[in-house]
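*Asks:* Structure file work_15.txt (compact mmCIF, C-alpha atoms and all ligand atoms) is given on the next line.
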# COMPACT_ATOMS: atom_id res chain seq x y z
CA MET A 1 18.53 -5.80 18.67
CA PRO A 2 19.99 -4.68 15.30
CA LYS A 3 19.60 -1.02 14.29
CA TYR A 4 16.47 -0.04 12.33
CA SER A 5 18.72 0.84 9.39
CA GLU A 6 19.85 -2.82 9.25
CA PHE A 7 16.24 -3.98 9.08
CA LEU A 8 15.60 -1.44 6.34
CA LYS A 9 18.60 -2.61 4.33
CA VAL A 10 17.41 -6.21 4.38
CA ALA A 11 13.81 -5.24 3.51
CA VAL A 12 15.06 -3.17 0.55
CA ASP A 13 17.27 -6.03 -0.59
CA ALA A 14 14.31 -8.45 -0.37
CA SER A 15 12.11 -6.05 -2.34
CA PHE A 16 14.77 -5.77 -5.08
CA LYS A 17 15.14 -9.57 -5.35
CA SER A 18 11.39 -10.07 -5.51
CA GLY A 19 11.18 -7.13 -7.93
CA GLU A 20 13.39 -8.96 -10.43
CA ILE A 21 10.93 -11.87 -10.47
CA LEU A 22 7.88 -9.62 -10.73
CA LYS A 23 9.47 -7.73 -13.59
CA GLU A 24 10.10 -10.99 -15.43
CA GLY A 25 6.42 -11.98 -14.98
CA PHE A 26 5.22 -8.52 -16.00
CA TYR A 27 7.00 -8.73 -19.38
CA LYS A 28 6.10 -12.41 -19.93
CA ASN A 29 2.46 -11.38 -19.65
CA PHE A 30 2.83 -9.35 -22.87
CA GLU A 31 3.80 -12.51 -24.78
CA LYS A 32 1.22 -14.81 -23.24
CA ASN A 33 -1.31 -13.85 -20.60
CA LEU A 34 -0.38 -15.33 -17.23
CA ASP A 35 -2.66 -17.86 -15.60
CA TYR A 36 -4.27 -16.88 -12.33
CA GLU A 37 -6.67 -18.25 -9.74
CA LEU A 38 -9.45 -16.25 -8.11
CA LYS A 39 -9.43 -15.92 -4.31
CA GLY A 40 -12.91 -14.35 -4.46
CA PHE A 41 -14.96 -12.20 -6.86
CA ALA A 42 -12.53 -10.28 -9.15
CA ASP A 43 -9.63 -11.05 -6.74
CA PRO A 44 -6.79 -12.75 -8.65
CA VAL A 45 -3.60 -14.41 -7.47
CA THR A 46 -0.76 -15.48 -9.78
CA GLU A 47 2.26 -17.70 -9.28
CA TYR A 48 4.23 -14.42 -9.06
CA ASP A 49 2.39 -13.24 -5.95
CA LYS A 50 3.44 -16.53 -4.30
CA LYS A 51 7.02 -16.54 -5.62
CA SER A 52 7.54 -12.95 -4.53
CA GLU A 53 6.26 -13.74 -1.03
CA SER A 54 8.56 -16.78 -0.66
CA ILE A 55 11.63 -14.82 -1.73
CA ILE A 56 10.90 -12.02 0.74
CA VAL A 57 10.14 -14.36 3.65
CA ASP A 58 13.26 -16.48 2.92
CA ILE A 59 15.62 -13.48 2.72
CA ILE A 60 14.28 -11.86 5.89
CA SER A 61 14.23 -15.12 7.88
CA SER A 62 17.77 -15.97 6.88
CA LYS A 63 19.00 -12.60 8.24
CA PHE A 64 16.69 -12.35 11.26
CA PRO A 65 15.70 -15.94 12.18
CA SER A 66 13.44 -14.97 15.08
CA SER A 67 11.11 -12.99 12.76
CA THR A 68 7.40 -13.70 12.41
CA PHE A 69 5.34 -12.66 9.41
CA LEU A 70 1.88 -11.60 8.38
CA ALA A 71 2.03 -12.20 4.63
CA GLU A 72 -0.95 -11.88 2.28
CA GLU A 73 -0.75 -15.27 0.61
CA ARG A 74 0.38 -17.45 3.53
CA GLY A 75 -1.10 -15.58 6.50
CA GLU A 76 0.70 -15.74 9.86
CA ILE A 77 4.11 -17.46 9.75
CA GLY A 78 6.48 -18.21 12.64
CA ASN A 79 6.80 -18.23 16.40
CA SER A 80 4.45 -15.72 17.98
CA ASN A 81 6.79 -14.85 20.90
CA SER A 82 9.11 -12.81 18.72
CA SER A 83 8.96 -9.01 18.91
CA LEU A 84 9.70 -8.68 15.16
CA ARG A 85 6.71 -9.02 12.88
CA TRP A 86 7.03 -8.32 9.15
CA ILE A 87 3.85 -7.39 7.28
CA ILE A 88 4.10 -8.15 3.58
CA ASP A 89 2.12 -7.58 0.41
CA PRO A 90 4.25 -9.46 -2.13
CA LEU A 91 2.42 -7.95 -5.10
CA ASP A 92 0.11 -5.01 -4.57
CA GLY A 93 -1.89 -4.34 -7.72
CA THR A 94 -2.35 -7.88 -9.04
CA VAL A 95 -5.22 -6.74 -11.29
CA ASN A 96 -2.84 -4.17 -12.85
CA PHE A 97 -0.16 -6.88 -13.14
CA ILE A 98 -2.37 -9.24 -15.15
CA HIS A 99 -3.49 -6.34 -17.38
CA SER A 100 0.11 -5.15 -17.99
CA ILE A 101 -0.32 -1.81 -16.20
CA PRO A 102 2.95 -0.80 -14.52
CA TYR A 103 1.36 0.48 -11.26
CA ILE A 104 2.36 -2.39 -8.98
CA ALA A 105 4.48 -2.70 -5.86
CA ILE A 106 5.96 -4.84 -3.15
CA SER A 107 5.13 -3.55 0.33
CA ILE A 108 7.11 -4.58 3.42
CA ALA A 109 6.68 -3.18 6.93
CA LEU A 110 8.35 -4.13 10.18
CA GLU A 111 6.29 -3.98 13.35
CA ILE A 112 8.21 -4.12 16.63
CA GLU A 113 6.05 -4.64 19.72
CA GLY A 114 2.98 -3.37 17.90
CA GLU A 115 4.62 -0.29 16.36
CA ILE A 116 5.45 0.07 12.67
CA THR A 117 9.09 1.15 12.60
CA VAL A 118 10.29 0.46 9.05
CA GLY A 119 8.46 0.66 5.72
CA VAL A 120 9.42 -0.16 2.13
CA ILE A 121 7.29 0.18 -1.01
CA TYR A 122 8.98 -0.68 -4.31
CA ASN A 123 7.64 -0.49 -7.85
CA PRO A 124 10.10 -2.65 -9.83
CA ILE A 125 8.71 -1.70 -13.25
CA ILE A 126 9.51 2.00 -13.00
CA ASP A 127 12.13 1.54 -10.28
CA GLU A 128 10.64 3.77 -7.59
CA LEU A 129 11.67 2.89 -4.05
CA PHE A 130 9.92 4.51 -1.07
CA THR A 131 11.38 3.99 2.40
CA ALA A 132 10.90 5.25 5.94
CA ILE A 133 12.22 4.58 9.41
CA LYS A 134 10.22 5.83 12.40
CA GLU A 135 11.25 9.41 13.27
CA GLU A 136 13.82 9.56 10.45
CA GLY A 137 11.70 10.84 7.53
CA SER A 138 10.59 9.37 4.21
CA PHE A 139 12.58 8.95 1.03
CA MET A 140 12.06 8.12 -2.64
CA ASN A 141 15.13 6.63 -4.29
CA ASN A 142 17.15 7.98 -1.31
CA LYS A 143 15.89 11.57 -1.66
CA ARG A 144 13.80 13.09 1.11
CA ILE A 145 10.09 13.46 0.24
CA ARG A 146 7.32 15.53 1.80
CA VAL A 147 3.57 15.81 1.42
CA SER A 148 2.14 18.72 -0.59
CA SER A 149 0.89 21.94 0.99
CA ILE A 150 -2.28 22.29 -1.11
CA SER A 151 -5.37 22.95 1.00
CA ASP A 152 -7.73 24.24 -1.68
CA PRO A 153 -10.02 21.49 -3.05
CA GLY A 154 -9.98 23.12 -6.51
CA SER A 155 -6.24 22.38 -6.74
CA ALA A 156 -6.32 18.94 -5.08
CA LEU A 157 -5.94 15.52 -6.71
CA ILE A 158 -7.60 12.69 -4.78
CA VAL A 159 -7.09 8.94 -5.20
CA THR A 160 -9.13 6.00 -3.97
CA GLY A 161 -9.61 2.28 -4.47
CA PHE A 162 -12.61 -0.04 -4.38
CA PRO A 163 -12.81 -3.29 -2.43
CA TYR A 164 -13.15 -6.65 -4.20
CA LYS A 165 -16.33 -7.27 -2.21
CA ARG A 166 -18.53 -4.58 -3.73
CA GLU A 167 -21.91 -6.24 -3.42
CA GLY A 168 -24.26 -3.90 -1.57
CA ARG A 169 -21.55 -1.18 -1.42
CA VAL A 170 -21.98 0.59 -4.76
CA ASN A 171 -24.17 3.45 -3.48
CA GLU A 172 -21.84 4.16 -0.56
CA LEU A 173 -18.78 4.01 -2.84
CA LEU A 174 -20.39 6.53 -5.21
CA LYS A 175 -21.35 9.10 -2.53
CA PRO A 176 -17.93 10.77 -2.16
CA LEU A 177 -17.22 10.57 -5.90
CA ARG A 178 -20.04 13.01 -6.61
CA VAL A 179 -18.32 15.64 -4.46
CA PHE A 180 -14.76 14.93 -5.66
CA ILE A 181 -15.85 15.10 -9.31
CA LYS A 182 -17.72 18.37 -8.75
CA ASP A 183 -15.47 20.33 -6.37
CA TYR A 184 -11.91 18.96 -6.71
CA GLN A 185 -9.25 19.34 -9.40
CA GLY A 186 -9.17 15.65 -10.17
CA PHE A 187 -9.86 12.17 -9.04
CA ARG A 188 -8.04 8.85 -9.75
CA ARG A 189 -8.42 5.09 -9.17
CA LEU A 190 -5.10 3.50 -10.03
CA GLY A 191 -5.17 0.04 -8.43
CA ALA A 192 -2.40 -0.32 -5.83
CA ALA A 193 -3.12 1.06 -2.36
CA SER A 194 0.52 1.02 -1.28
CA ILE A 195 1.57 3.25 -4.18
CA ASP A 196 -1.45 5.51 -3.64
CA LEU A 197 -0.09 6.06 -0.11
CA ALA A 198 3.49 6.55 -1.31
CA TYR A 199 2.24 9.16 -3.79
CA VAL A 200 0.48 11.07 -1.00
CA ALA A 201 3.84 11.01 0.82
CA ARG A 202 5.70 12.48 -2.14
CA GLY A 203 3.08 15.16 -2.77
CA SER A 204 1.54 13.81 -6.01
CA PHE A 205 -1.85 13.28 -4.39
CA GLU A 206 -3.32 15.46 -1.66
CA ALA A 207 -5.30 12.53 -0.22
CA PHE A 208 -6.04 8.82 -0.51
CA TYR A 209 -9.02 7.02 1.03
CA GLU A 210 -10.33 3.46 0.87
CA GLU A 211 -12.49 1.08 2.90
CA ASN A 212 -11.73 -2.49 3.94
CA LEU A 213 -8.03 -2.65 3.23
CA LYS A 214 -5.84 -5.27 4.91
CA PRO A 215 -2.77 -4.70 7.14
CA TRP A 216 -0.38 -5.59 4.28
CA ASP A 217 -1.92 -2.87 2.05
CA THR A 218 -1.41 -0.05 4.56
CA ALA A 219 1.35 -0.90 7.10
CA ALA A 220 4.36 0.45 5.16
CA GLY A 221 2.39 3.28 3.53
CA LYS A 222 1.05 4.62 6.84
CA LEU A 223 4.59 5.11 8.15
CA ILE A 224 5.81 6.59 4.85
CA VAL A 225 2.96 9.14 4.79
CA GLU A 226 3.44 10.12 8.45
CA GLU A 227 7.21 10.42 8.11
CA ALA A 228 6.66 12.68 5.09
CA GLY A 229 4.61 15.02 7.31
CA GLY A 230 1.14 13.72 6.39
CA LYS A 231 -1.79 12.57 8.47
CA VAL A 232 -3.46 9.15 8.60
CA THR A 233 -6.85 8.52 10.27
CA ASP A 234 -10.01 6.60 9.47
CA TYR A 235 -12.83 8.24 7.46
CA TYR A 236 -14.20 9.96 10.54
CA GLY A 237 -10.91 11.36 11.85
CA ASN A 238 -10.25 8.66 14.48
CA GLU A 239 -6.78 7.25 15.02
CA PHE A 240 -5.89 4.70 12.32
CA ASN A 241 -4.41 1.28 12.97
CA ILE A 242 -3.71 -1.39 10.35
CA TYR A 243 -6.94 -3.20 11.30
CA SER A 244 -9.15 -0.11 10.91
CA LYS A 245 -12.14 -0.48 8.57
CA SER A 246 -11.24 2.62 6.59
CA ILE A 247 -8.23 4.80 5.89
CA LEU A 248 -7.83 8.45 5.02
CA ALA A 249 -4.25 9.57 4.37
CA SER A 250 -3.56 13.14 3.39
CA ASN A 251 -1.12 16.01 3.40
CA GLY A 252 -2.75 17.09 6.70
CA VAL A 253 -3.91 20.52 5.54
CA ILE A 254 -6.73 19.13 3.39
CA HIS A 255 -7.71 16.43 5.88
CA ASN A 256 -10.79 18.14 7.35
CA HIS A 257 -12.23 18.88 3.89
CA ILE A 258 -12.03 15.17 3.04
CA ILE A 259 -13.52 14.09 6.39
CA GLU A 260 -16.44 16.42 5.62
CA VAL A 261 -17.00 14.45 2.37
CA LEU A 262 -16.49 10.97 3.89
CA LYS A 263 -18.51 11.48 7.08
CA ASP A 264 -21.72 10.44 5.29
CA VAL A 265 -20.28 7.11 4.09
CA GLN A 266 -21.79 4.28 6.16
CA LEU A 267 -19.21 1.55 6.70
C1 LIG B 301 -5.55 -4.36 -3.89
C2 LIG B 301 -5.01 -3.04 -4.40
C3 LIG B 301 -6.14 -2.14 -4.83
C4 LIG B 301 -7.16 -1.93 -3.73
C5 LIG B 301 -7.66 -3.27 -3.22
C6 LIG B 301 -6.47 -4.11 -2.74
P1 LIG B 301 -3.96 -6.57 -4.26
O1 LIG B 301 -4.48 -5.21 -3.44
O2 LIG B 301 -4.24 -2.38 -3.42
O3 LIG B 301 -5.70 -0.84 -5.18
O4 LIG B 301 -8.23 -1.17 -4.22
O5 LIG B 301 -8.56 -3.01 -2.18
O6 LIG B 301 -6.95 -5.33 -2.23
O7 LIG B 301 -5.08 -7.54 -4.17
O8 LIG B 301 -3.65 -6.16 -5.63
O9 LIG B 301 -2.78 -6.94 -3.43
CA CA B 302 -2.78 -5.35 -1.74
CA CA B 303 -1.32 -8.54 -3.06
Can I see the file as structure tokens?

*Replies:*
Amino acid sequence: MPKYSEFLKVAVDASFKSGEILKEGFYKNFEKNLDYELKGFADPVTEYDKKSESIIVDIISSKFPSSTFLAEERGEIGNSNSSLRWIIDPLDGTVNFIHSIPYIAISIALEIEGEITVGVIYNPIIDELFTAIKEEGSFMNNKRIRVSSISDPGSALIVTGFPYKREGRVNELLKPLRVFIKDYQGFRRLGAASIDLAYVARGSFEAFYEENLKPWDTAAGKLIVEEAGGKVTDYYGNEFNIYSKSILASNGVIHNHIIEVLKDVQL
């Protein structure tokens, strides 16, 4: 099996190639709004989500032909006997993309025999690249990053996201906001779960939480947060896996404060 660093190199290369295409689409959207289809209520997909996914899958399969994929737009791809499974969000933050907000990313994770070993999150608009290899730390643009050490809610900035399927969920989604608005320094909803996680890893946010995310939203970010010294569980403090119904990622030292707030949310 190739070294993890070889997998990382190819994933970064694929994210840069797809990033060129996403950047082109992002600036075209200023001239004429891009067309999109809806996959469900408020859930858009553009030709760029699909193009980005094809580029990434093609580059990775040409280097590692036995790979299988779980990719947002095409689902499961490839022979299921392989031990290499790539988990891909080809454009995280599509709503931001179609509204010309530069908080978007490509997220690529490699799972080997059920364990996430490599993660890449790349924002091509502002050129921020987050990477991690299992047990080798996390990096932004090749510089080591670490979670923050803030444990006091009054100094903590919290980020979340809301699912596309919000019907019947509004009251539950509002519950924690009341506490974060009252007792915390600040609160954000920025629209790309992968970057929210990467920003916990680099110490910009003390914590990120969201319900009902998909494996491609969290696989790379989970590794990047953990390798930066952070903690990832579900809302109630149980071990997180990429199929969990909720995620709470934090700097570790504020984790129990956030669980205290989220424990009343009924999932
Ligand atoms: C979405 C973004 C958003 C989160 C949604 C995700 P997409 O992914 O990460 O921040 O709140 O739950 O589905 O659809 O832009 O890839
Ligand atoms: Ca996503
Ligand atoms: Ca997406």

*Asks:* Considering only C-alpha atoms, return as a PDB file with C-alpha atoms, in the coordinates of the input whatever protein or nucleic-acid residues lie within 8 Å of stretch 218-232 of chain A, sequence-local ones (same chain, fewer than 3 positions apart) excluded.

*Replies:*
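This went into part-v3.pdb:
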ATOM      1  CA  ILE A  87       3.850  -7.390   7.280  1.00  0.00           C
ATOM      2  CA  SER A 107       5.130  -3.550   0.330  1.00  0.00           C
ATOM      3  CA  ILE A 108       7.110  -4.580   3.420  1.00  0.00           C
ATOM      4  CA  ALA A 109       6.680  -3.180   6.930  1.00  0.00           C
ATOM      5  CA  LEU A 110       8.350  -4.130  10.180  1.00  0.00           C
ATOM      6  CA  ILE A 116       5.450   0.070  12.670  1.00  0.00           C
ATOM      7  CA  THR A 117       9.090   1.150  12.600  1.00  0.00           C
ATOM      8  CA  VAL A 118      10.290   0.460   9.050  1.00  0.00           C
ATOM      9  CA  GLY A 119       8.460   0.660   5.720  1.00  0.00           C
ATOM     10  CA  VAL A 120       9.420  -0.160   2.130  1.00  0.00           C
ATOM     11  CA  ILE A 121       7.290   0.180  -1.010  1.00  0.00           C
ATOM     12  CA  PHE A 130       9.920   4.510  -1.070  1.00  0.00           C
ATOM     13  CA  THR A 131      11.380   3.990   2.400  1.00  0.00           C
ATOM     14  CA  ALA A 132      10.900   5.250   5.940  1.00  0.00           C
ATOM     15  CA  ILE A 133      12.220   4.580   9.410  1.00  0.00           C
ATOM     16  CA  LYS A 134      10.220   5.830  12.400  1.00  0.00           C
ATOM     17  CA  GLU A 135      11.250   9.410  13.270  1.00  0.00           C
ATOM     18  CA  GLU A 136      13.820   9.560  10.450  1.00  0.00           C
ATOM     19  CA  GLY A 137      11.700  10.840   7.530  1.00  0.00           C
ATOM     20  CA  SER A 138      10.590   9.370   4.210  1.00  0.00           C
ATOM     21  CA  ILE A 145      10.090  13.460   0.240  1.00  0.00           C
ATOM     22  CA  ARG A 146       7.320  15.530   1.800  1.00  0.00           C
ATOM     23  CA  VAL A 147       3.570  15.810   1.420  1.00  0.00           C
ATOM     24  CA  ALA A 193      -3.120   1.060  -2.360  1.00  0.00           C
ATOM     25  CA  SER A 194       0.520   1.020  -1.280  1.00  0.00           C
ATOM     26  CA  ILE A 195       1.570   3.250  -4.180  1.00  0.00           C
ATOM     27  CA  LEU A 197      -0.090   6.060  -0.110  1.00  0.00           C
ATOM     28  CA  ALA A 198       3.490   6.550  -1.310  1.00  0.00           C
ATOM     29  CA  VAL A 200       0.480  11.070  -1.000  1.00  0.00           C
ATOM     30  CA  ALA A 201       3.840  11.010   0.820  1.00  0.00           C
ATOM     31  CA  ARG A 202       5.700  12.480  -2.140  1.00  0.00           C
ATOM     32  CA  LEU A 213      -8.030  -2.650   3.230  1.00  0.00           C
ATOM     33  CA  LYS A 214      -5.840  -5.270   4.910  1.00  0.00           C
ATOM     34  CA  PRO A 215      -2.770  -4.700   7.140  1.00  0.00           C
ATOM     35  CA  GLU A 239      -6.780   7.250  15.020  1.00  0.00           C
ATOM     36  CA  PHE A 240      -5.890   4.700  12.320  1.00  0.00           C
ATOM     37  CA  ILE A 242      -3.710  -1.390  10.350  1.00  0.00           C
ATOM     38  CA  ILE A 247      -8.230   4.800   5.890  1.00  0.00           C
ATOM     39  CA  LEU A 248      -7.830   8.450   5.020  1.00  0.00           C
ATOM     40  CA  ALA A 249      -4.250   9.570   4.370  1.00  0.00           C
ATOM     41  CA  SER A 250      -3.560  13.140   3.390  1.00  0.00           C
ATOM     42  CA  ASN A 251      -1.120  16.010   3.400  1.00  0.00           C
ATOM     43  CA  GLY A 252      -2.750  17.090   6.700  1.00  0.00           C
ATOM     44  CA  HIS A 255      -7.710  16.430   5.880  1.00  0.00           C
TER      45      HIS A 255
END

*Asks:* Which of these residues is nearest to ligand LIG 301 (chain B), using only C-alpha atoms and all ligand atoms: A:Gln266, A:Ser204, A:Asn96, A:Asn241?

*Replies:*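 Using only C-alpha atoms and all ligand atoms, the shortest distance to ligand LIG 301 (chain B) belongs to A:Asn96.
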
*Asks:* So how many Å separate atom CA of A:Asp13 and atom CA of A:Ser61, to one decimal?

*Replies:*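 It comes out at 12.8 Å.
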
*Asks:* Give the answer as one residue: which of A:Ser54, A:Gln185, A:Asn171, A:Asn33 has the shortest atom-to-atom distance to A:Ser155, using only C-alpha atoms?

*Replies:*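 Using only C-alpha atoms, A:Ser155 sits closest to A:Gln185.
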
*Asks:* Which chain A residues have any atom within 8 Å of an atom of ligand LIG 301 (chain B), and for each, what is the nearest pair of atoms with distance in Å to one decimal, counting all atoms listed in the file, rows sorted by chain and number, as JSON lines?

*Replies:*
{"residue": "A:Asp43", "atom": "CA", "partner": "B:LIG301", "partner_atom": "O7", "distance": 6.3}
{"residue": "A:Pro44", "atom": "CA", "partner": "B:LIG301", "partner_atom": "O7", "distance": 7.1}
{"residue": "A:Val45", "atom": "CA", "partner": "B:LIG301", "partner_atom": "O7", "distance": 7.8}
{"residue": "A:Glu72", "atom": "CA", "partner": "B:LIG301", "partner_atom": "O9", "distance": 7.8}
{"residue": "A:Asp89", "atom": "CA", "partner": "B:LIG301", "partner_atom": "O9", "distance": 6.3}
{"residue": "A:Pro90", "atom": "CA", "partner": "B:LIG301", "partner_atom": "O9", "distance": 7.6}
{"residue": "A:Leu91", "atom": "CA", "partner": "B:LIG301", "partner_atom": "O9", "distance": 5.6}
{"residue": "A:Asp92", "atom": "CA", "partner": "B:LIG301", "partner_atom": "O9", "distance": 3.7}
{"residue": "A:Gly93", "atom": "CA", "partner": "B:LIG301", "partner_atom": "O8", "distance": 3.3}
{"residue": "A:Thr94", "atom": "CA", "partner": "B:LIG301", "partner_atom": "O8", "distance": 4.0}
{"residue": "A:Val95", "atom": "CA", "partner": "B:LIG301", "partner_atom": "O8", "distance": 5.9}
{"residue": "A:Asn96", "atom": "CA", "partner": "B:LIG301", "partner_atom": "O8", "distance": 7.5}
{"residue": "A:Ile104", "atom": "CA", "partner": "B:LIG301", "partner_atom": "O8", "distance": 7.8}
{"residue": "A:Thr160", "atom": "CA", "partner": "B:LIG301", "partner_atom": "O4", "distance": 7.2}
{"residue": "A:Gly161", "atom": "CA", "partner": "B:LIG301", "partner_atom": "O4", "distance": 3.7}
{"residue": "A:Phe162", "atom": "CA", "partner": "B:LIG301", "partner_atom": "O4", "distance": 4.5}
{"residue": "A:Pro163", "atom": "CA", "partner": "B:LIG301", "partner_atom": "O5", "distance": 4.3}
{"residue": "A:Tyr164", "atom": "CA", "partner": "B:LIG301", "partner_atom": "O5", "distance": 6.2}
{"residue": "A:Arg189", "atom": "CA", "partner": "B:LIG301", "partner_atom": "O3", "distance": 7.6}
{"residue": "A:Leu190", "atom": "CA", "partner": "B:LIG301", "partner_atom": "O3", "distance": 6.5}
{"residue": "A:Gly191", "atom": "CA", "partner": "B:LIG301", "partner_atom": "O3", "distance": 3.4}
{"residue": "A:Ala192", "atom": "CA", "partner": "B:LIG301", "partner_atom": "O3", "distance": 3.4}
{"residue": "A:Ala193", "atom": "CA", "partner": "B:LIG301", "partner_atom": "O2", "distance": 3.8}
{"residue": "A:Ser194", "atom": "CA", "partner": "B:LIG301", "partner_atom": "O2", "distance": 6.2}
{"residue": "A:Asp196", "atom": "CA", "partner": "B:LIG301", "partner_atom": "O3", "distance": 7.8}
{"residue": "A:Glu210", "atom": "CA", "partner": "B:LIG301", "partner_atom": "O4", "distance": 7.2}
{"residue": "A:Glu211", "atom": "CA", "partner": "B:LIG301", "partner_atom": "O5", "distance": 7.6}
{"residue": "A:Asn212", "atom": "CA", "partner": "B:LIG301", "partner_atom": "O5", "distance": 6.9}
{"residue": "A:Leu213", "atom": "CA", "partner": "B:LIG301", "partner_atom": "O5", "distance": 5.4}
{"residue": "A:Lys214", "atom": "CA", "partner": "B:LIG301", "partner_atom": "O6", "distance": 7.2}
{"residue": "A:Asp217", "atom": "CA", "partner": "B:LIG301", "partner_atom": "O2", "distance": 6.0}

*Asks:* Do you have the atom CA of A:Val12-atom CA of A:Glu128 distance handy?

*Replies:*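 Calculated distance between atom CA of A:Val12 and atom CA of A:Glu128 is 11.6 Å.
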
*Asks:* Do a neighbour search on A:Glu113 at 9 Å with all atoms listed in the file, toss out local chain neighbours closer than 4 positions, and write the hits as a VMD selection string.

*Replies:* chain A and resid 82 to 85

*Asks:* In Å, rounded to a single decimal, give me how far atom CA of ligand CA 303 (chain B) is from atom CA of A:Trp216.

*Replies:*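 These atoms are spaced 8.0 Å apart.
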
*Asks:* At a cut-off of 10 Å, using all atoms listed in the file, what residues contact A:Leu177? Leave out same-chain residues fewer than 6 positions from it and give the result as a list in words.

*Replies:*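 The neighbour list is Ile158, Thr160, Asp183, Tyr184, Phe187, Val261 and Leu262 of chain A.
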
*Asks:* Find the residues near A:Leu70: any atom within 7 Å, counting all atoms listed in the file, skip ones fewer than 3 places away on the same chain, and give them as a list of chain:residue names.

*Replies:*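 Answer for this query is A:Gly75, A:Glu76, A:Ile77, A:Trp86, A:Ile87, A:Ile88.
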
*Asks:* Out of A:Ile55, A:Ala105, A:Met1, A:Leu8, which residue has the shortest atom-to-atom distance to ligand CA 302 (chain B) when counting only C-alpha atoms and all ligand atoms?

*Replies:*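 Of A:Ile55, A:Ala105, A:Met1, A:Leu8, the one nearest ligand CA 302 (chain B), counting only C-alpha atoms and all ligand atoms, is A:Ala105.
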
*Asks:* So, counting all atoms listed in the file, which residue among A:Ile259, A:Ile254, A:Leu34, A:Ala11 is closest to A:Ser148?

*Replies:* A:Ile254

*Asks:* Smallest atom-to-atom distance to ligand CA 303 (chain B): which of A:Asp49, A:Glu115, A:Glu260, A:Glu6, using only C-alpha atoms and all ligand atoms?

*Replies:*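 The answer is A:Asp49, which sits nearest to ligand CA 303 (chain B).
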
*Asks:* Choose the residue, out of A:Ile106, A:Ser100, A:Ser15, A:Phe41, that has the smallest atom-to-atom separation from ligand CA 303 (chain B); count all atoms listed in the file.

*Replies:* A:Ile106

*Asks:* Return stretch 4-16 of chain A, completed with N, CA and C atoms, as a short mmCIF file (atom, residue, chain, number, x, y, z; two decimals), in the frame of the given file.

*Replies:*
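Produced file rebuild_33.cif, reproduced below:
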data_model
loop_
_atom_site.label_atom_id
_atom_site.label_comp_id
_atom_site.auth_asym_id
_atom_site.auth_seq_id
_atom_site.Cartn_x
_atom_site.Cartn_y
_atom_site.Cartn_z
N TYR A 4 17.56 -0.08 13.32
CA TYR A 4 16.47 -0.04 12.33
C TYR A 4 17.02 0.03 10.91
N SER A 5 18.16 0.72 10.75
CA SER A 5 18.72 0.84 9.39
C SER A 5 19.14 -0.53 8.85
N GLU A 6 19.51 -1.46 9.74
CA GLU A 6 19.85 -2.82 9.25
C GLU A 6 18.61 -3.55 8.78
N PHE A 7 17.50 -3.36 9.52
CA PHE A 7 16.24 -3.98 9.08
C PHE A 7 15.84 -3.41 7.71
N LEU A 8 15.99 -2.09 7.60
CA LEU A 8 15.60 -1.44 6.34
C LEU A 8 16.42 -1.99 5.17
N LYS A 9 17.71 -2.14 5.40
CA LYS A 9 18.60 -2.61 4.33
C LYS A 9 18.15 -3.99 3.82
N VAL A 10 17.82 -4.85 4.76
CA VAL A 10 17.41 -6.21 4.38
C VAL A 10 16.04 -6.18 3.66
N ALA A 11 15.13 -5.33 4.15
CA ALA A 11 13.81 -5.24 3.51
C ALA A 11 13.96 -4.69 2.08
N VAL A 12 14.84 -3.71 1.90
CA VAL A 12 15.06 -3.17 0.55
C VAL A 12 15.67 -4.24 -0.35
N ASP A 13 16.63 -4.97 0.18
CA ASP A 13 17.27 -6.03 -0.59
C ASP A 13 16.22 -7.08 -1.01
N ALA A 14 15.36 -7.46 -0.06
CA ALA A 14 14.31 -8.45 -0.37
C ALA A 14 13.36 -7.90 -1.43
N SER A 15 13.04 -6.61 -1.36
CA SER A 15 12.11 -6.05 -2.34
C SER A 15 12.78 -6.00 -3.73
N PHE A 16 14.08 -5.77 -3.78
CA PHE A 16 14.77 -5.77 -5.08
C PHE A 16 14.80 -7.18 -5.69
#
